[in-house]
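Here is the structure we will look at, set down as structure tokens.
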Amino acid sequence: MRILNLIRYKNLIILIFSQLLAYQFLISDSCFVFEPDPRLFLLIVASVLIAASANIINDYFDINIDRINKPEQVVVGRGIKKQLVIIICTLLNLITLGIGIYLSKTLLLIFILTLLLTYLYSAFLKRICVVGNFVVSLLLALPIFIVWIYKPQGSLILICSYSFFAFFTGIIREIAKDCEDIAGDKAGNCKTIPILLGIQKTKILLKTLITGLILSLVVFVSYLIAEKYILTSIYILIFVGGFSVMILSKVKYTNTSKDFSGLSRSIKIIIVLGLLSMIFVCF
């Protein structure tokens, strides 16, 4: 169970479904007929291994910070020895590169750059204001877009829209998590937005970003209606838009670390709801 917590298995499950949904409902020739694709399976495995490796190496560098923020969840150095963590991470990276060599030179290059970026993030980029949030959000958006790189067909506008949605909601969630982890981040000399601006100004920023998300959803829905994706439009307005408005109204009352933890979980729900809307594209 400790290894599952270390690799954030719940997030990996969301990643798998996001790529399967993108492939089946945005890219595949037939939405309602699933044709097993061994190469797609390898792409998903590689994406999962990259994400798992990123989570492991991040925990490796954040031992002291996590002992303050989430002492009960610390695995590296307790449940799993540091040396074993490095071995596991190295093996995952080697398997990923092997899959990249088999799939294509383009995907291999993307895998190499992504692995390098995850290491740089964990080592020092996360301590730089905004840069760390941007990198994590970029890594959240990449799994959807990389499916189109693997098989460049279907609507590129839809692929880019869902990738942007993952990126933008990722930015919001990372800022909320920074508010949750402010104590440990201060001890770890991280220059996060809440540390530099303070909680109250960060809450204003969060409300601004969530409002921006709602407005971007309105623009996206306008496009969907113009393209006759009526059911998808209705779903996004009711579930994704409605839930976003509800969260916006709650930011005002979010003050403690526990409150921001709940806000972070709520934003993850928005992400899942948004990804599920891909299903309705074919109706």
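FYI, nothing fancy with the structure tokens labels: chains A, B, ... in order, residues from 1 per chain, ligands from 1 as they appear.
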Handout entry: Selection near Gly198 of chain A, 9 Å with only C-alpha atoms, sequence-local residues under 5 positions removed, as number ranges by chain
Key = A: 179, 193, 203
Residues of the last selection are to be written out with N, CA and C atoms, as an mmCIF file, in the first residue's frame.
data_model
loop_
_atom_site.group_PDB
_atom_site.id
_atom_site.type_symbol
_atom_site.label_atom_id
_atom_site.label_comp_id
_atom_site.auth_asym_id
_atom_site.auth_seq_id
_atom_site.Cartn_x
_atom_site.Cartn_y
_atom_site.Cartn_z
ATOM 1 N N CYS A 179 -1.276 26.883 -0.784
ATOM 2 C CA CYS A 179 -1.872 27.476 0.416
ATOM 3 C C CYS A 179 -1.984 26.433 1.529
ATOM 4 N N ILE A 193 3.431 31.314 -4.341
ATOM 5 C CA ILE A 193 2.573 32.496 -4.410
ATOM 6 C C ILE A 193 1.997 32.869 -3.039
ATOM 7 N N LYS A 203 -6.071 34.341 -2.262
ATOM 8 C CA LYS A 203 -7.495 34.013 -2.423
ATOM 9 C C LYS A 203 -8.129 34.875 -3.516
#
Problem - Within 12 Å of Asp37 of chain A using only C-alpha atoms, minus same-chain residues under 5 positions, as a VMD selection string - result: chain A and resid 20 23 to 24 28 42 to 44 150 to 151
Exercise for the section: Have a look at atom CA of Ser266 of chain A and atom CA of Leu209 of chain A and let me know their distance in Å, one decimal. Expected result: 14.8 Å
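Residues in contact with Ile204 of chain A at up to 9 Å, not including ones fewer than 4 positions away on its chain and judged by only C-alpha atoms, are Ile199, Gln200, Thr208, Leu209, Val251 and Lys252 of chain A.
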Exercise for the section: Fewer than 6 positions away in the same chain doesn't count, so skip those; otherwise give me all residues within 7 Å of segment 235-249 of chain A, counting only C-alpha atoms, as a ChimeraX atom specification. Expected result: /A:207,210,214,217,270,273-274,277
